[in-house]
Amino acid sequence: MMTVLMSFGVGIVVGAVFTLLHLPLPAPPTLSGVLGIVGIFCGMWLTQYLIH
């Protein structure tokens, strides 16, 4: 769980820095894009779970 929280914290810092420097975000700019990435991850996790 600590890794997840650290990753989230680093993501917030990176998002803030990129915004302050007026750089494009290194992530999808919409919630639907982010959820698409989460869906890909969940599909991978579910497939690995069902195979093993």
# chains A, B, ... in the order shown; residues from 1 in each chain; ligands from 1
>>> select_by_dssp(residues="chain A", states="helix (DSSP H, G or I)", output="PyMOL selection string")
chain A and resi 2-20+31-51
>>> residues_around(residues="segment 29-31 of chain A", least_positions_apart="6", cutoff="12 Å", atoms="only C-alpha atoms", output="list in words")
Gly15, Thr19, Ile37 and Val38 of chain A
>>> write_last_selection(atoms="C-alpha atoms", output="mmCIF file, in the first residue's frame")
data_model
loop_
_atom_site.group_PDB
_atom_site.id
_atom_site.type_symbol
_atom_site.label_atom_id
_atom_site.label_comp_id
_atom_site.auth_asym_id
_atom_site.auth_seq_id
_atom_site.Cartn_x
_atom_site.Cartn_y
_atom_site.Cartn_z
ATOM 1 C CA GLY A 15 1.589 16.973 -12.526
ATOM 2 C CA THR A 19 1.650 22.471 -15.167
ATOM 3 C CA ILE A 37 -5.331 2.800 -18.748
ATOM 4 C CA VAL A 38 -6.874 1.513 -15.510
#
>>> decode(residues="segment 17-48 of chain A", atoms="C-alpha atoms", output="PDB file, in the first residue's frame")
ATOM      1  CA  VAL A  17       5.660  20.721 -11.983  1.00  0.00           C
ATOM      2  CA  PHE A  18       4.581  20.071 -15.575  1.00  0.00           C
ATOM      3  CA  THR A  19       1.650  22.471 -15.167  1.00  0.00           C
ATOM      4  CA  LEU A  20       3.824  25.207 -13.638  1.00  0.00           C
ATOM      5  CA  LEU A  21       6.351  24.851 -16.472  1.00  0.00           C
ATOM      6  CA  HIS A  22       3.519  24.891 -19.067  1.00  0.00           C
ATOM      7  CA  LEU A  23       4.557  21.498 -20.419  1.00  0.00           C
ATOM      8  CA  PRO A  24       2.124  18.888 -21.764  1.00  0.00           C
ATOM      9  CA  LEU A  25       1.237  16.290 -19.155  1.00  0.00           C
ATOM     10  CA  PRO A  26       2.853  12.862 -19.603  1.00  0.00           C
ATOM     11  CA  ALA A  27      -0.591  11.266 -19.207  1.00  0.00           C
ATOM     12  CA  PRO A  28      -3.951  11.256 -20.984  1.00  0.00           C
ATOM     13  CA  PRO A  29      -5.544  14.707 -20.535  1.00  0.00           C
ATOM     14  CA  THR A  30      -9.039  13.358 -19.834  1.00  0.00           C
ATOM     15  CA  LEU A  31     -10.575  11.110 -17.209  1.00  0.00           C
ATOM     16  CA  SER A  32     -11.738   8.695 -19.901  1.00  0.00           C
ATOM     17  CA  GLY A  33      -8.118   8.261 -21.031  1.00  0.00           C
ATOM     18  CA  VAL A  34      -6.982   7.576 -17.486  1.00  0.00           C
ATOM     19  CA  LEU A  35      -9.811   5.080 -16.976  1.00  0.00           C
ATOM     20  CA  GLY A  36      -8.792   3.366 -20.210  1.00  0.00           C
ATOM     21  CA  ILE A  37      -5.331   2.800 -18.748  1.00  0.00           C
ATOM     22  CA  VAL A  38      -6.874   1.513 -15.510  1.00  0.00           C
ATOM     23  CA  GLY A  39      -9.056  -0.834 -17.582  1.00  0.00           C
ATOM     24  CA  ILE A  40      -6.009  -2.205 -19.395  1.00  0.00           C
ATOM     25  CA  PHE A  41      -4.301  -2.838 -16.056  1.00  0.00           C
ATOM     26  CA  CYS A  42      -7.407  -4.523 -14.611  1.00  0.00           C
ATOM     27  CA  GLY A  43      -7.720  -6.729 -17.693  1.00  0.00           C
ATOM     28  CA  MET A  44      -4.096  -7.822 -17.322  1.00  0.00           C
ATOM     29  CA  TRP A  45      -4.538  -8.493 -13.598  1.00  0.00           C
ATOM     30  CA  LEU A  46      -7.768 -10.448 -14.093  1.00  0.00           C
ATOM     31  CA  THR A  47      -6.260 -12.562 -16.877  1.00  0.00           C
ATOM     32  CA  GLN A  48      -3.203 -13.394 -14.765  1.00  0.00           C
TER      33      GLN A  48
END
